[in-house]
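The file query.txt contains compact mmCIF, C-alpha atoms and all ligand atoms:
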```
# COMPACT_ATOMS: atom_id res chain seq x y z
CA THR W 1 18.50 -20.85 -31.82
CA ALA W 2 19.54 -17.25 -32.30
CA GLU W 3 16.03 -16.80 -33.74
CA GLY W 4 14.33 -15.97 -30.44
CA PHE W 5 17.34 -14.38 -28.71
CA HIS W 6 15.63 -11.00 -28.34
CA LEU W 7 12.60 -12.54 -26.58
CA ARG W 8 14.70 -14.63 -24.20
CA LEU W 9 16.86 -11.61 -23.40
CA LEU W 10 13.75 -9.52 -22.66
CA GLU W 11 12.43 -12.20 -20.29
CA HIS W 12 15.77 -12.21 -18.47
CA VAL W 13 15.85 -8.39 -18.31
CA ARG W 14 12.33 -8.22 -16.89
CA LYS W 15 13.36 -10.54 -14.05
CA THR W 16 16.72 -9.02 -13.20
CA VAL W 17 17.32 -5.32 -13.96
CA LYS W 18 17.09 -2.34 -11.67
CA PRO W 19 14.74 0.06 -13.54
CA GLY W 20 15.98 3.55 -14.40
CA ASP W 21 19.65 2.59 -14.59
CA ALA W 22 21.18 2.42 -18.11
CA SER W 23 24.54 1.13 -16.86
CA ASN W 24 22.85 -1.69 -14.95
CA MET W 25 20.89 -2.60 -18.11
CA ILE W 26 24.08 -2.65 -20.20
CA ALA W 27 25.84 -4.85 -17.62
CA THR W 28 22.82 -7.16 -17.38
CA ILE W 29 22.73 -7.67 -21.15
CA ASP W 30 26.49 -8.33 -21.28
CA ASN W 31 26.27 -10.81 -18.41
CA TYR W 32 23.42 -12.68 -20.13
CA CYS W 33 25.41 -12.79 -23.39
CA TYR W 34 28.55 -14.10 -21.65
CA THR W 35 26.83 -16.66 -19.41
CA VAL W 36 23.67 -17.81 -21.26
CA GLU W 37 23.85 -17.07 -25.01
CA SER W 38 25.59 -14.44 -27.11
CA GLY W 39 23.54 -11.92 -29.11
CA MET W 40 24.65 -9.56 -31.86
CA ASN W 41 25.03 -6.56 -29.53
CA VAL W 42 28.25 -4.60 -30.07
CA GLY W 43 29.27 -5.86 -26.62
CA ASP W 44 31.51 -4.52 -23.86
CA VAL W 45 34.92 -4.67 -25.61
CA LYS W 46 33.97 -2.96 -28.89
CA GLY W 47 31.43 -0.96 -26.86
CA LYS W 48 34.28 0.68 -24.94
CA ILE W 49 35.84 1.79 -28.27
CA LEU W 50 32.44 3.21 -29.28
CA ASP W 51 32.14 4.99 -25.90
CA ASP W 52 35.57 6.60 -26.35
CA ILE W 53 34.76 7.81 -29.88
CA VAL W 54 31.40 9.26 -28.70
CA LEU W 55 33.08 11.04 -25.77
CA GLU W 56 35.88 12.35 -28.03
CA THR W 57 33.35 13.58 -30.64
CA ASN W 58 30.86 15.05 -28.13
CA PRO W 59 28.10 14.95 -30.78
CA THR W 60 24.80 16.85 -30.49
CA THR W 61 23.00 15.01 -33.33
CA VAL W 62 23.52 11.25 -33.63
CA LEU W 63 22.14 8.47 -35.85
CA GLU W 64 22.34 4.71 -35.23
CA LEU W 65 21.54 2.25 -38.02
CA GLY W 66 20.57 -1.09 -36.46
CA THR W 67 18.96 -0.84 -33.01
CA PHE W 68 18.45 -4.60 -32.45
CA CYS W 69 17.72 -4.78 -28.67
CA GLY W 70 18.86 -1.25 -27.85
CA TYR W 71 22.19 -2.13 -26.21
CA SER W 72 24.38 0.25 -28.25
CA ALA W 73 21.64 2.89 -28.17
CA LEU W 74 21.97 2.89 -24.38
CA ARG W 75 25.79 2.98 -24.56
CA ILE W 76 25.64 5.99 -26.91
CA ALA W 77 22.81 7.85 -25.12
CA ARG W 78 24.62 7.44 -21.78
CA ASN W 79 27.50 9.54 -23.15
CA LEU W 80 25.57 12.32 -24.94
CA PRO W 81 25.32 15.94 -23.77
CA GLU W 82 21.96 17.18 -22.41
CA ASN W 83 20.56 19.00 -25.46
CA SER W 84 21.49 16.32 -28.03
CA ARG W 85 19.19 14.54 -30.49
CA PHE W 86 19.69 10.78 -30.99
CA PHE W 87 17.80 8.72 -33.60
CA THR W 88 18.07 4.95 -33.93
CA VAL W 89 16.64 3.06 -36.94
CA GLU W 90 15.49 -0.57 -36.81
CA PHE W 91 13.73 -2.36 -39.70
CA ASN W 92 12.69 -5.51 -37.75
CA PRO W 93 9.50 -4.70 -35.76
CA GLU W 94 10.03 -7.57 -33.29
CA HIS W 95 13.53 -6.34 -32.44
CA ALA W 96 12.23 -2.75 -32.24
CA ALA W 97 9.54 -3.76 -29.74
CA VAL W 98 12.14 -5.37 -27.47
CA ALA W 99 14.45 -2.35 -27.83
CA LYS W 100 11.59 0.02 -26.93
CA GLU W 101 10.93 -1.86 -23.67
CA ILE W 102 14.65 -2.13 -22.83
CA ILE W 103 15.20 1.59 -23.47
CA HIS W 104 12.07 2.46 -21.43
CA THR W 105 13.10 0.24 -18.51
CA ALA W 106 16.56 1.85 -18.55
CA GLY W 107 14.88 5.26 -18.24
CA MET W 108 16.28 6.60 -21.52
CA ASP W 109 13.02 7.26 -23.43
CA ASP W 110 13.59 11.02 -23.57
CA LYS W 111 17.13 10.64 -24.97
CA ILE W 112 16.44 8.15 -27.76
CA GLN W 113 14.02 8.46 -30.68
CA MET W 114 13.47 5.12 -32.41
CA LEU W 115 12.27 4.92 -36.02
CA ILE W 116 11.00 1.61 -37.39
CA GLY W 117 11.57 0.97 -41.09
CA PRO W 118 14.22 0.34 -43.74
CA SER W 119 17.22 2.69 -43.45
CA GLN W 120 17.02 3.60 -47.14
CA GLU W 121 13.49 4.96 -46.56
CA MET W 122 14.20 6.58 -43.18
CA ILE W 123 17.37 8.49 -44.10
CA PRO W 124 15.63 10.80 -46.63
CA GLN W 125 13.15 11.87 -43.91
CA PHE W 126 15.64 13.46 -41.48
CA LYS W 127 15.93 16.85 -43.19
CA GLY W 128 12.14 17.13 -42.89
CA MET W 129 12.46 16.37 -39.17
CA GLY W 130 14.70 19.40 -38.64
CA VAL W 131 18.02 17.56 -38.74
CA SER W 132 20.62 19.66 -40.57
CA HIS W 133 23.38 17.04 -40.29
CA PHE W 134 24.63 14.22 -38.05
CA ASP W 135 27.77 14.72 -35.96
CA LEU W 136 28.10 10.96 -35.44
CA VAL W 137 26.61 7.91 -37.17
CA PHE W 138 26.95 4.36 -35.74
CA VAL W 139 26.51 1.81 -38.54
CA ASP W 140 25.64 -1.62 -37.18
CA HIS W 141 22.89 -3.15 -39.34
CA GLU W 142 22.88 -5.29 -42.48
CA LYS W 143 26.48 -5.39 -43.78
CA ASP W 144 25.42 -4.94 -47.42
CA LEU W 145 23.74 -1.62 -46.52
CA TYR W 146 26.79 0.05 -44.97
CA LYS W 147 28.09 1.48 -48.26
CA PRO W 148 24.74 2.47 -49.86
CA ASP W 149 23.54 4.09 -46.62
CA VAL W 150 26.69 6.18 -46.14
CA ILE W 151 26.45 7.26 -49.79
CA LEU W 152 22.78 8.16 -49.19
CA LEU W 153 23.64 10.13 -46.04
CA GLU W 154 26.09 12.24 -48.07
CA LYS W 155 23.62 12.63 -50.97
CA GLU W 156 20.97 13.87 -48.49
CA GLY W 157 23.41 16.47 -47.17
CA LEU W 158 23.37 14.87 -43.70
CA LEU W 159 27.18 14.75 -43.38
CA LYS W 160 29.15 17.88 -42.53
CA LYS W 161 32.92 18.49 -42.32
CA GLY W 162 33.94 16.62 -39.18
CA SER W 163 31.01 14.18 -39.13
CA VAL W 164 32.17 10.82 -37.71
CA ILE W 165 30.99 7.44 -39.06
CA VAL W 166 31.61 4.49 -36.72
CA ALA W 167 31.11 1.06 -38.33
CA ASP W 168 30.89 -2.25 -36.45
CA ASN W 169 31.89 -5.68 -37.83
CA VAL W 170 34.29 -4.51 -40.50
CA VAL W 171 36.29 -7.75 -40.07
CA TYR W 172 33.68 -10.27 -38.88
CA PRO W 173 31.33 -10.80 -40.63
CA GLY W 174 32.96 -7.96 -42.61
CA SER W 175 31.74 -5.35 -45.05
CA PRO W 176 34.45 -5.37 -47.74
CA ASP W 177 32.70 -3.06 -50.21
CA TYR W 178 32.19 -0.48 -47.43
CA ILE W 179 35.82 -0.66 -46.27
CA ASP W 180 37.08 -0.38 -49.85
CA TYR W 181 34.78 2.58 -50.50
CA VAL W 182 35.52 4.58 -47.37
CA ARG W 183 39.30 3.97 -47.33
CA ASN W 184 39.76 4.96 -50.98
CA ASN W 185 37.51 8.00 -50.81
CA PRO W 186 39.40 11.31 -50.36
CA LYS W 187 36.34 12.74 -48.57
CA PHE W 188 36.92 10.41 -45.60
CA LYS W 189 39.84 9.93 -43.20
CA SER W 190 39.56 6.42 -41.74
CA THR W 191 41.05 4.69 -38.69
CA ASN W 192 40.76 0.98 -37.88
CA TYR W 193 40.38 -0.19 -34.28
CA MET W 194 41.22 -3.91 -34.11
CA SER W 195 39.20 -5.72 -31.49
CA GLU W 196 37.25 -8.94 -30.98
CA LEU W 197 33.81 -10.24 -31.91
CA GLU W 198 31.29 -9.51 -29.16
CA TYR W 199 31.38 -12.18 -26.41
CA HIS W 200 34.01 -14.18 -28.37
CA LYS W 201 37.57 -13.38 -27.18
CA ASP W 202 39.01 -15.80 -29.73
CA VAL W 203 37.46 -14.18 -32.85
CA VAL W 204 38.92 -11.03 -34.43
CA ASP W 205 36.65 -8.15 -35.40
CA ALA W 206 37.16 -4.39 -35.76
CA ILE W 207 35.51 -1.01 -35.61
CA GLU W 208 36.24 1.53 -38.38
CA LYS W 209 36.05 5.26 -37.64
CA SER W 210 35.75 7.50 -40.73
CA ILE W 211 35.78 11.26 -40.45
CA TYR W 212 34.02 13.11 -43.30
CA ILE W 213 36.24 15.96 -44.50
CA GLY W 214 33.91 16.91 -47.38
O1 LIG N 1 23.53 -8.71 -38.49
C1 LIG N 1 24.27 -8.09 -37.71
N1 LIG N 1 24.00 -6.76 -37.51
C2 LIG N 1 24.76 -6.01 -36.69
N2 LIG N 1 25.79 -6.48 -36.01
C3 LIG N 1 26.09 -7.82 -36.13
C4 LIG N 1 27.17 -8.30 -35.36
O2 LIG N 1 27.82 -7.43 -34.51
C5 LIG N 1 27.54 -9.65 -35.45
F1 LIG N 1 28.57 -10.06 -34.69
C6 LIG N 1 26.88 -10.54 -36.30
C7 LIG N 1 27.32 -11.96 -36.32
C8 LIG N 1 27.68 -12.57 -37.52
C9 LIG N 1 28.11 -13.90 -37.50
C10 LIG N 1 28.19 -14.60 -36.29
F2 LIG N 1 28.62 -15.87 -36.29
C11 LIG N 1 27.85 -13.98 -35.10
C12 LIG N 1 27.41 -12.66 -35.11
C13 LIG N 1 25.78 -10.07 -37.09
C14 LIG N 1 25.09 -11.02 -38.01
C15 LIG N 1 25.29 -10.93 -39.39
C16 LIG N 1 24.66 -11.84 -40.23
C17 LIG N 1 23.86 -12.85 -39.69
F3 LIG N 1 23.27 -13.75 -40.51
C18 LIG N 1 23.66 -12.92 -38.31
C19 LIG N 1 24.28 -12.01 -37.46
C20 LIG N 1 25.39 -8.69 -36.98
MG MG N 2 27.45 -5.44 -34.96
```

Take the structure in the file and write it out as structure tokens.
Amino acid sequence: TAEGFHLRLLEHVRKTVKPGDASNMIATIDNYCYTVESGMNVGDVKGKILDDIVLETNPTTVLELGTFCGYSALRIARNLPENSRFFTVEFNPEHAAVAKEIIHTAGMDDKIQMLIGPSQEMIPQFKGMGVSHFDLVFVDHEKDLYKPDVILLEKEGLLKKGSVIVADNVVYPGSPDYIDYVRNNPKFKSTNYMSELEYHKDVVDAIEKSIYIG
């Protein structure tokens, strides 16, 4: 069952990866998901779209909502400039524990700061941690939290003119209230990138990029 995916993935990673190599870790996770069982990582196809948006944005302060096993955290961290700050939030402690080990094994501890707890409680703490705003936010957690969390980010003053919100799964499983909100809000300029569900060529999914114009 998908229930213990994160533990089975960790076992596989421990036996196969080359430590200290984030790209090898990413490839190992993708290979496991294509050949053994698929997990809810953003994957290689949508991951490439995420990579391109990160490289185009060149962000110095980044937030990820939904760490899961750390796959997208590695994809993002791999493309960040030296002096950047990257926070990833995970509410499930079992998933966070696996992500911590995967990030450590990939040698990316010093690039990624993981916070464990509900996003609604973590977001209000960033100002107190010296974060003025986020240049890029990757939203990839519970679909029903996309809209409230983006609203909270704005309320907390953590979005600045030009801040980029990248949302996964806007088609499958979908986050209709988020899409409706962000596309009909004059403060955002949104672009849809049609793609496919991770590890499932035959299922449509999409990434939505929304630039905050304030
Ligand atoms: O929960 C998620 N967070 C982030 N990204 C996700 C993602 O990229 C996914 F593709 C799925 C997904 C949904 C349906 C499915 F058939 C396969 C995978 C989920 C998800 C959603 C609800 C669930 F009950 C179980 C998994 C997530
Ligand atoms: Mg996702």

Could you work out how far atom CA of W:Glu142 lies from atom C15 of ligand LIG 1 (chain N), giving the answer in Å with one decimal?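 These atoms are spaced 6.9 Å apart.
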
Would you list the residues that come within 7 Å of ligand MG 2 (chain N)? Count only C-alpha atoms and all ligand atoms and give the answer as a list of chain:residue names. W:Met40, W:Asn41, W:Val42, W:Asp140, W:His141, W:Asp168, W:Asn169

Near ligand LIG 1 (chain N), 12 Å: chain W residue rows, closest pairs, all atoms listed in the file, as a Markdown table:
```
| residue | atom | partner | partner_atom | distance |
| --- | --- | --- | --- | --- |
| W:Thr1 | CA | N:LIG1 | C18 | 11.5 |
| W:Ala2 | CA | N:LIG1 | C18 | 8.5 |
| W:Glu3 | CA | N:LIG1 | C18 | 9.7 |
| W:Phe5 | CA | N:LIG1 | C19 | 11.4 |
| W:Cys33 | CA | N:LIG1 | C12 | 11.9 |
| W:Glu37 | CA | N:LIG1 | C11 | 11.3 |
| W:Ser38 | CA | N:LIG1 | C11 | 8.3 |
| W:Gly39 | CA | N:LIG1 | C12 | 7.2 |
| W:Met40 | CA | N:LIG1 | C4 | 4.5 |
| W:Asn41 | CA | N:LIG1 | O2 | 5.8 |
| W:Val42 | CA | N:LIG1 | O2 | 5.3 |
| W:Gly43 | CA | N:LIG1 | O2 | 8.2 |
| W:Asp44 | CA | N:LIG1 | O2 | 11.6 |
| W:Val45 | CA | N:LIG1 | O2 | 11.7 |
| W:Lys46 | CA | N:LIG1 | O2 | 9.5 |
| W:Gly47 | CA | N:LIG1 | O2 | 10.6 |
| W:Glu64 | CA | N:LIG1 | C2 | 11.1 |
| W:Leu65 | CA | N:LIG1 | C2 | 9.0 |
| W:Gly66 | CA | N:LIG1 | C2 | 6.5 |
| W:Thr67 | CA | N:LIG1 | C2 | 8.6 |
| W:Phe68 | CA | N:LIG1 | C2 | 7.7 |
| W:Cys69 | CA | N:LIG1 | C2 | 10.7 |
| W:Gly70 | CA | N:LIG1 | C2 | 11.6 |
| W:Tyr71 | CA | N:LIG1 | N2 | 11.3 |
| W:Ser72 | CA | N:LIG1 | N2 | 10.4 |
| W:Glu90 | CA | N:LIG1 | N1 | 10.5 |
| W:Phe91 | CA | N:LIG1 | N1 | 11.4 |
| W:Asn92 | CA | N:LIG1 | O1 | 11.3 |
| W:His95 | CA | N:LIG1 | N1 | 11.6 |
| W:Phe138 | CA | N:LIG1 | C2 | 10.6 |
| W:Val139 | CA | N:LIG1 | C2 | 8.2 |
| W:Asp140 | CA | N:LIG1 | C2 | 4.5 |
| W:His141 | CA | N:LIG1 | N1 | 4.2 |
| W:Glu142 | CA | N:LIG1 | O1 | 5.3 |
| W:Lys143 | CA | N:LIG1 | N1 | 6.9 |
| W:Asp144 | CA | N:LIG1 | O1 | 9.9 |
| W:Leu145 | CA | N:LIG1 | N1 | 10.4 |
| W:Tyr146 | CA | N:LIG1 | C2 | 10.5 |
| W:Ala167 | CA | N:LIG1 | N2 | 9.5 |
| W:Asp168 | CA | N:LIG1 | O2 | 6.3 |
| W:Asn169 | CA | N:LIG1 | O2 | 5.5 |
| W:Val170 | CA | N:LIG1 | O2 | 9.3 |
| W:Val171 | CA | N:LIG1 | F1 | 9.7 |
| W:Tyr172 | CA | N:LIG1 | C8 | 6.6 |
| W:Pro173 | CA | N:LIG1 | C8 | 5.1 |
| W:Gly174 | CA | N:LIG1 | C8 | 8.7 |
| W:Ser175 | CA | N:LIG1 | C15 | 10.2 |
| W:Ser195 | CA | N:LIG1 | O2 | 11.9 |
| W:Glu196 | CA | N:LIG1 | F1 | 9.5 |
| W:Leu197 | CA | N:LIG1 | F1 | 5.9 |
| W:Glu198 | CA | N:LIG1 | F1 | 6.2 |
| W:Tyr199 | CA | N:LIG1 | F1 | 9.0 |
| W:His200 | CA | N:LIG1 | C11 | 9.1 |
| W:Val203 | CA | N:LIG1 | F2 | 9.6 |
| W:Val204 | CA | N:LIG1 | F1 | 10.4 |
| W:Asp205 | CA | N:LIG1 | F1 | 8.3 |
| W:Ala206 | CA | N:LIG1 | O2 | 9.9 |
| W:Ile207 | CA | N:LIG1 | O2 | 10.1 |
```

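Distance check against W:Val54 using all atoms listed in the file: of W:Ser163, W:Thr88, W:Asn79, W:Thr28, the minimum falls on W:Asn79.
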
Option closest in space to W:Asn58, from W:Gly117, W:Phe134, W:Lys160, W:Met129 [counting only C-alpha atoms]: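 Selected residue with least distance to W:Asn58: W:Phe134.
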
Just the residues within 6 Å of stretch 181-191 of chain W, please, counting all atoms listed in the file, with nothing from its chain fewer than 5 positions along; format it as a VMD selection string. chain W and resid 208 to 214

Emit the selected residues as a PDB file, keeping the file's coordinate frame, including C-alpha atoms.
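Written out: selection02.pdb:
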```
ATOM      1  CA  GLU W 208      36.240   1.530 -38.380  1.00  0.00           C
ATOM      2  CA  LYS W 209      36.050   5.260 -37.640  1.00  0.00           C
ATOM      3  CA  SER W 210      35.750   7.500 -40.730  1.00  0.00           C
ATOM      4  CA  ILE W 211      35.780  11.260 -40.450  1.00  0.00           C
ATOM      5  CA  TYR W 212      34.020  13.110 -43.300  1.00  0.00           C
ATOM      6  CA  ILE W 213      36.240  15.960 -44.500  1.00  0.00           C
ATOM      7  CA  GLY W 214      33.910  16.910 -47.380  1.00  0.00           C
TER       8      GLY W 214
END
```
